[in-house]
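As stored in work_26.cif (mmCIF, C-alpha atoms):
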```cif
data_final
#
loop_
_atom_site.label_atom_id
_atom_site.label_comp_id
_atom_site.auth_asym_id
_atom_site.auth_seq_id
_atom_site.Cartn_x
_atom_site.Cartn_y
_atom_site.Cartn_z
CA THR A 113 20.06 -7.11 -49.20
CA LEU A 114 20.06 -10.88 -49.49
CA PHE A 115 22.35 -12.22 -46.75
CA VAL A 116 23.49 -15.86 -46.74
CA ALA A 117 24.61 -16.62 -43.20
CA THR A 118 27.73 -18.50 -42.20
CA ALA A 119 27.36 -22.30 -42.43
CA SER A 120 24.05 -21.88 -44.29
CA ASP A 121 22.88 -23.46 -47.57
CA LEU A 122 20.27 -21.54 -49.58
CA PHE A 123 19.11 -23.64 -52.54
CA VAL A 124 16.94 -22.01 -55.22
CA GLU A 125 15.43 -24.88 -57.18
CA THR A 126 13.70 -23.14 -60.10
CA ALA A 127 14.66 -19.51 -60.73
CA LEU A 128 16.72 -16.78 -59.06
CA ASP A 129 16.20 -13.29 -60.55
CA LEU A 130 18.63 -10.61 -59.31
CA GLN A 131 17.81 -7.19 -60.73
CA ALA A 132 19.23 -4.78 -58.10
CA GLY A 133 20.28 -4.60 -54.45
CA THR A 134 23.05 -6.49 -52.66
CA VAL A 135 23.94 -10.15 -52.19
CA ASN A 136 26.21 -10.74 -49.21
CA PHE A 137 27.69 -13.78 -47.48
CA GLY A 138 28.68 -14.44 -43.91
CA ASN A 139 31.65 -16.62 -44.89
CA LEU A 140 33.38 -17.21 -48.23
CA GLY A 141 33.70 -20.94 -47.68
CA SER A 142 30.64 -22.00 -45.66
CA SER A 143 27.88 -19.67 -46.92
CA GLN A 144 26.31 -21.50 -49.87
CA LEU A 145 23.95 -20.02 -52.45
CA ARG A 146 23.01 -22.75 -54.90
CA VAL A 147 20.85 -22.51 -58.01
CA GLY A 148 19.21 -25.61 -59.50
CA GLY A 149 17.45 -23.88 -62.39
CA SER A 150 17.63 -20.43 -64.00
CA LEU A 151 19.81 -17.54 -62.77
CA THR A 152 19.26 -13.99 -64.05
CA SER A 153 21.69 -11.34 -62.80
CA ALA A 154 21.86 -7.65 -63.71
CA GLN A 155 24.78 -5.22 -63.61
CA ALA A 156 23.09 -3.18 -60.84
CA VAL A 157 23.55 -5.94 -58.25
CA ALA A 158 26.30 -5.42 -55.64
CA TRP A 159 28.18 -8.48 -54.44
CA GLY A 160 29.92 -9.58 -51.26
CA SER A 161 32.62 -12.26 -51.08
CA GLY A 162 30.80 -15.50 -51.78
CA TYR A 163 30.01 -18.01 -54.51
CA ILE A 164 26.92 -18.76 -56.52
CA ASP A 165 26.96 -22.49 -57.27
CA MET A 166 25.19 -23.81 -60.39
CA ASP A 167 24.03 -27.25 -59.28
CA GLY A 168 22.19 -29.40 -61.82
CA THR A 169 20.75 -28.64 -65.26
CA THR A 170 20.93 -24.86 -65.09
CA SER A 171 21.19 -21.65 -67.09
CA VAL A 172 22.59 -18.13 -66.61
CA GLN A 173 21.51 -14.99 -68.45
CA GLY A 174 21.26 -11.25 -68.12
CA PRO A 175 17.90 -9.43 -68.10
CA GLY A 176 16.32 -9.05 -71.54
CA GLY A 177 19.18 -10.80 -73.32
CA ALA A 178 21.84 -8.41 -71.97
CA THR A 179 25.14 -9.55 -70.47
CA ALA A 180 24.86 -11.12 -67.02
CA TYR A 181 27.12 -9.79 -64.24
CA LEU A 182 28.39 -11.90 -61.33
CA ASN A 183 31.21 -11.76 -58.82
CA ARG A 184 32.05 -15.41 -58.12
CA LEU A 185 30.51 -18.23 -60.13
CA ARG A 186 31.13 -21.95 -59.65
CA PHE A 187 29.78 -24.83 -61.74
CA LYS A 188 29.17 -27.58 -59.22
CA SER A 189 27.31 -30.31 -61.14
CA GLY A 190 25.32 -30.96 -64.30
CA VAL A 191 25.45 -28.75 -67.38
CA CYS A 192 25.03 -25.00 -67.14
CA THR A 193 24.04 -23.21 -70.36
CA LEU A 194 25.05 -19.57 -70.64
CA ALA A 195 22.17 -18.01 -72.58
CA THR A 196 23.97 -14.63 -72.73
CA PRO A 197 27.59 -13.60 -72.15
CA VAL A 198 28.47 -13.63 -68.43
CA GLU A 199 30.94 -11.07 -67.06
CA ILE A 200 32.86 -12.16 -63.96
CA ALA A 201 34.50 -9.70 -61.57
CA SER A 202 36.45 -11.99 -59.19
CA TRP A 203 36.40 -15.76 -59.79
CA VAL A 204 34.99 -18.45 -62.05
CA GLY A 205 35.58 -22.17 -61.93
CA SER A 206 34.23 -25.68 -62.03
CA SER A 207 34.24 -28.23 -59.22
CA GLY A 208 32.44 -30.87 -61.28
CA GLY A 209 29.95 -29.20 -63.61
CA ALA A 210 30.17 -28.56 -67.35
CA VAL A 211 29.48 -25.35 -69.29
CA ALA A 212 27.84 -24.68 -72.66
CA GLY A 213 26.58 -21.68 -74.62
CA GLU A 214 27.95 -18.13 -74.58
CA TRP A 215 31.22 -16.58 -73.40
CA ILE A 216 32.52 -16.10 -69.88
CA GLU A 217 34.07 -12.62 -69.89
CA LEU A 218 36.70 -11.66 -67.32
CA ASN A 219 37.11 -7.93 -66.74
CA GLY A 220 38.11 -7.07 -63.21
CA PRO A 221 41.04 -5.98 -61.13
CA ALA A 222 41.75 -9.57 -60.06
CA ALA A 223 39.50 -12.15 -61.73
CA PHE A 224 40.55 -15.76 -61.08
CA LEU A 225 40.20 -18.44 -63.71
CA SER A 226 40.23 -21.95 -62.26
CA SER A 227 38.73 -25.28 -63.23
CA GLY A 228 38.69 -28.50 -61.27
CA GLY A 229 35.79 -30.09 -63.14
CA GLY A 230 34.75 -29.95 -66.78
CA PRO A 231 36.10 -27.44 -69.32
CA LEU A 232 34.86 -23.87 -68.93
CA HIS A 233 33.84 -23.83 -72.60
CA LYS A 234 34.51 -20.26 -73.82
CA VAL A 235 36.51 -17.71 -71.81
CA ARG A 236 37.36 -14.19 -72.97
CA LEU A 237 39.72 -11.82 -71.12
CA THR A 238 38.84 -8.21 -71.96
CA GLY A 239 40.60 -6.23 -69.23
CA GLY A 240 42.08 -6.22 -65.75
CA GLN A 241 44.37 -8.98 -64.48
CA VAL A 242 43.44 -12.66 -64.49
CA PHE A 243 45.39 -15.31 -62.60
CA ALA A 244 45.16 -18.71 -64.31
CA PHE A 245 45.38 -21.73 -62.04
CA ASN A 246 44.89 -25.32 -63.28
CA ALA A 247 42.19 -24.77 -65.87
CA THR A 248 40.82 -26.31 -69.05
CA VAL A 249 38.80 -24.28 -71.56
CA ASP A 250 37.46 -25.11 -75.00
CA GLU A 251 38.07 -21.63 -76.44
CA PHE A 252 40.09 -18.73 -75.06
CA GLU A 253 40.22 -15.15 -76.36
CA LEU A 254 42.59 -12.42 -75.17
CA THR A 255 41.40 -8.99 -76.31
CA GLY A 256 42.86 -6.89 -73.48
CA GLY A 257 44.17 -7.00 -69.94
CA THR A 258 46.83 -9.33 -68.53
CA LEU A 259 46.74 -13.11 -68.18
CA GLN A 260 49.06 -14.35 -65.43
CA VAL A 261 49.85 -18.09 -65.49
CA ILE A 262 50.73 -19.17 -61.94
CA SER A 263 53.78 -21.30 -61.04
CA GLY A 264 52.99 -25.00 -60.88
CA GLN A 265 49.70 -24.53 -62.76
CA THR A 266 48.60 -25.39 -66.32
CA LEU A 267 46.11 -23.56 -68.51
CA THR A 268 44.98 -25.86 -71.34
CA VAL A 269 43.06 -24.56 -74.35
CA GLU A 270 41.58 -27.55 -76.16
CA GLU A 271 40.06 -26.06 -79.31
CA ARG A 272 41.11 -22.45 -80.08
CA ALA A 273 43.26 -19.76 -78.47
CA ASP A 274 42.79 -16.37 -80.18
CA LEU A 275 45.28 -13.79 -78.89
CA SER A 276 44.55 -10.41 -80.46
CA ALA A 277 45.67 -7.86 -77.81
CA GLY A 278 46.79 -7.68 -74.19
CA THR A 279 49.59 -9.36 -72.23
CA ILE A 280 50.50 -12.89 -71.13
CA GLN A 281 52.88 -13.38 -68.20
CA TRP A 282 54.27 -16.56 -66.65
CA ASN A 283 55.33 -16.68 -62.99
CA SER A 284 57.82 -19.41 -63.91
CA GLN A 285 59.25 -20.33 -67.30
CA THR A 286 59.46 -24.01 -66.29
CA THR A 287 56.41 -24.75 -64.09
CA ALA A 288 53.78 -22.25 -65.32
CA ARG A 289 52.32 -23.79 -68.50
CA PHE A 290 50.06 -22.53 -71.29
CA VAL A 291 49.15 -25.53 -73.46
CA VAL A 292 47.21 -25.40 -76.76
CA THR A 293 45.83 -28.67 -78.17
CA GLY A 294 43.92 -27.04 -81.06
CA ASP A 295 44.35 -23.80 -83.01
CA LEU A 296 46.53 -20.86 -81.94
CA ILE A 297 45.91 -17.44 -83.54
CA SER A 298 48.39 -14.85 -82.33
CA SER A 299 48.73 -11.16 -83.25
CA PRO A 300 51.78 -8.87 -83.11
CA ALA A 301 49.70 -6.66 -80.76
CA VAL A 302 50.11 -9.16 -77.89
CA THR A 303 52.92 -8.69 -75.36
CA PHE A 304 54.52 -11.91 -74.11
CA GLY A 305 56.45 -12.46 -70.91
CA ASN A 306 59.12 -15.08 -70.30
CA GLY A 307 57.24 -18.33 -70.88
CA PHE A 308 56.32 -20.85 -73.57
CA ILE A 309 53.11 -21.59 -75.40
CA GLU A 310 53.21 -25.37 -75.80
CA MET A 311 51.65 -27.00 -78.85
CA SER A 312 50.50 -30.57 -78.15
CA GLY A 313 48.34 -32.77 -80.37
CA THR A 314 46.93 -31.97 -83.81
CA THR A 315 47.40 -28.20 -83.78
CA THR A 316 47.77 -25.14 -86.01
CA ILE A 317 49.38 -21.72 -85.66
CA SER A 318 48.35 -18.68 -87.70
CA GLY A 319 48.07 -14.92 -87.60
CA PRO A 320 44.81 -12.95 -87.65
CA GLY A 321 43.10 -12.90 -91.04
CA GLY A 322 45.89 -14.86 -92.72
CA ALA A 323 48.60 -12.36 -91.72
CA PRO A 324 51.86 -13.65 -90.19
CA ALA A 325 51.60 -14.75 -86.57
CA ARG A 326 53.80 -13.33 -83.80
CA VAL A 327 54.53 -15.21 -80.57
CA GLY A 328 56.99 -14.75 -77.72
CA SER A 329 58.12 -18.37 -77.20
CA VAL A 330 56.80 -21.62 -78.70
CA ARG A 331 57.56 -25.21 -77.73
CA ILE A 332 56.48 -28.10 -79.96
CA ALA A 333 55.70 -30.83 -77.41
CA ALA A 334 53.77 -33.57 -79.24
CA GLY A 335 51.63 -34.32 -82.28
CA THR A 336 51.64 -32.46 -85.59
CA CYS A 337 51.57 -28.68 -85.66
CA THR A 338 50.73 -27.04 -89.00
CA LEU A 339 51.91 -23.47 -89.54
CA LEU A 340 49.17 -21.90 -91.67
CA THR A 341 51.09 -18.60 -91.91
CA PRO A 342 54.69 -17.64 -91.14
CA VAL A 343 55.19 -17.55 -87.35
CA GLY A 344 57.46 -14.85 -85.96
CA ILE A 345 59.33 -15.69 -82.74
CA ASP A 346 60.44 -12.91 -80.39
CA GLN A 347 62.15 -15.00 -77.68
CA ASN A 348 62.55 -18.78 -77.84
CA LEU A 349 61.72 -21.65 -80.20
CA ALA A 350 62.07 -25.20 -78.87
CA ALA A 351 60.89 -28.74 -79.52
CA THR A 352 60.75 -31.75 -77.24
CA GLY A 353 58.72 -33.94 -79.61
CA GLY A 354 56.16 -33.89 -82.40
CA THR A 355 56.46 -32.54 -85.93
CA THR A 356 55.73 -29.30 -87.78
CA THR A 357 54.55 -28.75 -91.33
CA GLY A 358 53.56 -25.79 -93.48
CA GLU A 359 55.11 -22.33 -93.30
CA TRP A 360 58.32 -21.05 -91.69
CA PHE A 361 59.21 -20.16 -88.14
CA GLU A 362 60.90 -16.74 -88.37
CA MET A 363 63.36 -15.68 -85.66
CA LEU A 364 62.70 -11.94 -85.40
CA GLY A 365 63.39 -10.81 -81.83
CA THR A 366 66.44 -8.84 -80.71
CA ASN A 367 67.72 -11.90 -78.80
CA THR A 368 66.23 -15.32 -79.53
CA THR A 369 67.21 -18.92 -78.88
CA LEU A 370 66.72 -22.00 -81.05
CA ASP A 371 66.64 -25.38 -79.32
CA GLY A 372 65.71 -28.33 -81.50
CA PRO A 373 65.56 -32.01 -80.54
CA ALA A 374 68.75 -34.06 -80.40
CA SER A 375 68.06 -35.76 -83.74
CA GLY A 376 65.71 -35.50 -86.71
CA GLY A 377 64.49 -32.31 -88.34
CA THR A 378 60.74 -32.81 -88.42
CA ALA A 379 59.98 -31.19 -85.06
CA LEU A 380 61.16 -27.80 -86.35
CA ALA A 381 60.79 -28.37 -90.06
CA LYS A 382 61.59 -24.88 -91.39
CA VAL A 383 63.42 -22.10 -89.53
CA ARG A 384 64.30 -18.70 -90.97
CA VAL A 385 66.62 -16.27 -89.14
CA ALA A 386 65.47 -12.86 -90.34
CA GLY A 387 66.59 -10.37 -87.70
CA GLY A 388 68.25 -9.82 -84.35
CA ARG A 389 70.62 -12.38 -82.82
CA CYS A 390 69.51 -16.01 -82.75
CA VAL A 391 71.57 -18.37 -80.59
CA ALA A 392 71.28 -22.02 -81.65
CA ASP A 393 71.72 -23.81 -78.32
CA SER A 394 71.67 -27.35 -79.69
CA GLY A 395 69.77 -29.93 -81.68
CA SER A 396 68.47 -30.28 -85.21
CA ILE A 397 66.07 -28.59 -87.59
CA GLY A 398 64.75 -29.48 -91.04
CA ALA A 399 65.55 -26.53 -93.32
CA LEU A 400 67.41 -23.29 -92.61
CA GLU A 401 67.21 -19.85 -94.18
CA LEU A 402 69.53 -17.06 -93.07
CA THR A 403 68.11 -13.86 -94.56
CA GLY A 404 69.09 -11.25 -91.97
CA GLY A 405 70.38 -10.73 -88.46
CA ILE A 406 72.92 -13.08 -86.85
CA LEU A 407 72.77 -16.85 -86.41
CA GLU A 408 75.20 -17.75 -83.63
CA VAL A 409 76.39 -21.29 -82.90
CA PRO A 410 78.02 -21.20 -79.44
CA GLN A 411 81.10 -23.00 -78.17
CA ASN A 412 80.88 -26.83 -78.23
CA LYS A 413 77.47 -26.72 -79.92
CA THR A 414 76.39 -28.23 -83.25
CA LEU A 415 73.30 -27.18 -85.15
CA VAL A 416 72.27 -29.96 -87.52
CA VAL A 417 70.19 -29.09 -90.60
CA THR A 418 68.74 -32.33 -91.93
CA GLY A 419 67.59 -30.69 -95.17
CA ASN A 420 68.94 -27.70 -97.10
CA ALA A 421 70.40 -24.39 -95.95
CA GLU A 422 70.02 -21.06 -97.77
CA LEU A 423 72.59 -18.39 -96.86
CA LEU A 424 70.82 -15.40 -98.38
CA GLY A 425 71.80 -12.57 -96.06
CA GLY A 426 72.74 -11.72 -92.53
CA GLN A 427 75.63 -13.24 -90.67
CA LEU A 428 76.66 -16.72 -89.51
CA GLU A 429 78.76 -16.48 -86.36
CA PHE A 430 80.71 -19.24 -84.59
CA SER A 431 81.57 -18.06 -81.08
CA GLY A 432 83.62 -19.21 -78.13
CA THR A 433 86.96 -21.02 -78.23
CA GLY A 434 86.07 -24.06 -80.28
CA GLY A 435 83.85 -26.98 -81.09
CA CYS A 436 81.25 -24.95 -83.03
CA ALA A 437 79.62 -26.45 -86.11
CA LEU A 438 76.78 -25.98 -88.56
CA ASP A 439 76.22 -29.42 -90.07
CA VAL A 440 74.07 -29.32 -93.23
CA LEU A 441 73.09 -32.82 -94.33
CA GLY A 442 71.53 -31.51 -97.55
CA ASP A 443 72.53 -28.74 -99.97
CA VAL A 444 73.87 -25.26 -99.24
CA HIS A 445 72.97 -22.30 -101.41
CA GLN A 446 75.06 -19.19 -100.74
CA VAL A 447 74.46 -15.93 -102.60
CA ALA A 448 76.28 -12.61 -102.79
CA THR A 449 74.36 -10.98 -99.93
CA GLY A 450 75.23 -13.91 -97.71
CA LYS A 451 79.00 -13.34 -97.73
CA ALA A 452 79.13 -11.73 -94.28
CA VAL A 453 80.06 -14.91 -92.41
CA THR A 454 82.32 -14.59 -89.37
CA MET A 455 83.86 -17.69 -87.84
CA ASN A 456 86.49 -18.24 -85.20
CA ALA A 457 89.46 -20.50 -85.87
CA ASN A 458 87.56 -23.55 -84.64
CA GLY A 459 84.30 -23.01 -86.51
CA ASN A 460 83.16 -25.68 -88.94
CA LEU A 461 80.56 -25.31 -91.68
CA ARG A 462 79.90 -28.83 -92.99
CA CYS A 463 78.01 -29.61 -96.22
CA SER A 464 77.00 -33.16 -97.19
CA GLY A 465 75.17 -32.18 -100.39
CA VAL A 466 75.73 -29.72 -103.23
CA TRP A 467 77.21 -26.34 -102.39
CA THR A 468 75.96 -23.73 -104.87
CA ALA A 469 77.70 -20.37 -104.58
CA ASP A 470 76.75 -17.20 -106.45
CA ALA A 471 79.65 -15.27 -104.92
CA ALA A 472 82.81 -15.73 -102.88
CA LEU A 473 82.48 -16.70 -99.22
CA ASP A 474 84.56 -14.93 -96.59
CA LEU A 475 85.48 -17.69 -94.15
CA GLY A 476 87.60 -15.59 -91.85
CA ALA A 477 89.73 -17.96 -89.74
CA SER A 478 87.42 -20.95 -90.05
CA TYR A 479 86.85 -23.63 -92.67
CA VAL A 480 84.21 -25.47 -94.71
CA GLU A 481 84.10 -29.25 -94.75
CA PHE A 482 82.59 -31.14 -97.66
CA ALA A 483 81.37 -34.50 -96.40
CA GLY A 484 80.14 -37.64 -98.10
CA THR A 485 79.35 -37.20 -101.82
CA SER A 486 79.20 -33.39 -101.68
CA SER A 487 80.13 -31.15 -104.59
CA ILE A 488 80.63 -27.47 -105.45
CA THR A 489 79.03 -25.44 -108.21
CA GLY A 490 79.03 -21.72 -109.01
CA ALA A 491 81.54 -19.03 -108.03
#
```
The structure in this file should be written as structure tokens.
Amino acid sequence: TLFVATASDLFVETALDLQAGTVNFGNLGSSQLRVGGSLTSAQAVAWGSGYIDMDGTTSVQGPGGATAYLNRLRFKSGVCTLATPVEIASWVGSSGGAVAGEWIELNGPAAFLSSGGGPLHKVRLTGGQVFAFNATVDEFELTGGTLQVISGQTLTVEERADLSAGTIQWNSQTTARFVVTGDLISSPAVTFGNGFIEMSGTTTISGPGGAPARVGSVRIAAGTCTLLTPVGIDQNLAATGGTTTGEWFEMLGTNTTLDGPASGGTALAKVRVAGGRCVADSGSIGALELTGGILEVPQNKTLVVTGNAELLGGQLEFSGTGGCALDVLGDVHQVATGKAVTMNANGNLRCSGVWTADAALDLGASYVEFAGTSSITGA
């Protein structure tokens, strides 16, 4: 057993090779074990509650090129190169150092991901539960387990977030933040709690291998986000700034909400309602397709479509006691399968462009307004 006493500082300048046995600490905060060179750590080592600090130009590896295993690892200064993957059981973070090389793998009952210094480079969650405090990583992979984003904390992924399996939970929908400033790859196999993935900067969203992506909630916050594949939304789609280009957002969940910016349609350029009930809380979008499910515009709300609207299927529903409107500044194309439109007596479907109808439209108790230089063609 290697025991680091309370209020002690053991500094290994060149190389620390841990093959077996136990490393214990007198106190979590005041017992310091610092490495200024190479650290080798095997799976057979048992750990007490204490940190190994990488302090200087350092490296970490497992024996013979295998994965290294550690309990608590902190990057204190300099650059630490991970020569092999490093599996962490309890905590990993930076208080000033930078990280390069291989992946940090988190697979424990309660592994903590925190960063107060440089980015943690590449972090992969493979199992267990990980609590994310304020942290910045270059690349993040979720292949299993549960990521819990803590209230008042922000996890920022700067280059690539690849979500292939597992669960993401947010302790608060408003103050727990998961921000992506690069590429987001998200699979239908991931389970999402009640929180947003925020896209900020020059970003992309896609599914694995070019398949459609599936996300719980997305907020476009800033910059330009390119949808490389269709992006299915199970909960909420919102925009507070920025623009989107490329493929369609598809509202697919049983109950979803759509909340665009107050004006302009570039933030949510193309939105397709394909299933479930989508409630358009407010704002504007670029283009609209209604192909299935229900698009609901609530009382005293107006959904503005700055481009064209295709009513191809599903149901358009104006609810409440009045003041509901779908305002299409471009053209409206309505086909036979899109007849199922229910509106209350105060619903207003406004078209400023060309209305092309392939079949009759059942307005119920509501009305259609043709604004500006609009016209009607077809049935």
I would like the residues chosen by the PyMOL selection byres ((chain A and resi 350-354) around 7) on the shown file; could you give them as number ranges by chain?
A: 330-336, 348-349, 355, 370-373, 379-380
Can you translate the PyMOL selection byres ((chain A and resi 392) around 12) into the concrete residues it hits in this file, as a ChimeraX atom specification?
/A:348-350,363,367-373,383,385,389-391,393-397,400,406-417,428-431,436-438
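Near Leu340 of chain A, within 10 Å and counting all atoms listed in the file, sit A:Ile297, A:Thr316, A:Ile317, A:Ser318, A:Gly319, A:Gly322, A:Ala323, A:Pro324, A:Ala325, A:Thr357, A:Gly358, A:Glu359, A:Trp360; same-chain residues fewer than 4 positions away were not included.
Selection by the PyMOL selection byres ((chain A and resi 257) around 8) on the present file picks out Asn219, Leu237, Thr238, Gly239, Gly240, Gln241, Val242, Leu254, Thr255, Gly256, Thr258, Leu259, Gly278 and Thr279 of chain A.
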One decimal place gives the atom CA of Ser298 of chain A-atom CA of Leu232 of chain A separation as 21.1 Å
Taken to one decimal, the atom CA of Asp439 of chain A-atom CA of Arg326 of chain A distance is 28.3 Å
I'd like the neighbourhood of Lys188 of chain A as a ChimeraX atom specification, where a residue qualifies if any of its atoms comes within 8 Å (using all atoms listed in the file), though same-chain residues fewer than 4 positions away should be ignored.
/A:165-168,206-209
Put a box with edges along x, y and z around all the listed atoms of segment 374-380 of chain A, pad it by 8 Å on each side, then give me its centre and sizes in Å, one decimal, as AutoDock Vina command-line options.
```
--center_x 64.4 --center_y -31.8 --center_z -84.4 --size_x 24.8 --size_y 24.0 --size_z 24.0
```
Excluding Ala132 of chain A and residues on its chain fewer than 5 positions from it, collect all residues at most 10 Å away from it, counting all atoms listed in the file, and give them as a list in words.
Thr113, Ser153, Ala154, Gln155, Ala156, Val157 and Ala158 of chain A
Skip segment 420-427 of chain A itself and residues of its chain fewer than 5 positions away, then list as a ChimeraX atom specification all residues within 10 Å of it, counting all atoms listed in the file.
/A:382-389,397-408,438-455,463-469
Calculate how many Å separate atom CA of Val204 of chain A from atom CA of Gln285 of chain A, rounding to one decimal.
24.9 Å
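Residue nearest Ala277 of chain A within the list A:Arg184, A:Arg462, A:Arg146, A:Arg236: A:Arg236 [criterion: smallest interatomic distance, only C-alpha atoms].
Distance check against Phe224 of chain A using only C-alpha atoms: of A:Ala210, A:Glu253, A:Val292, A:Leu185, the minimum falls on A:Leu185.
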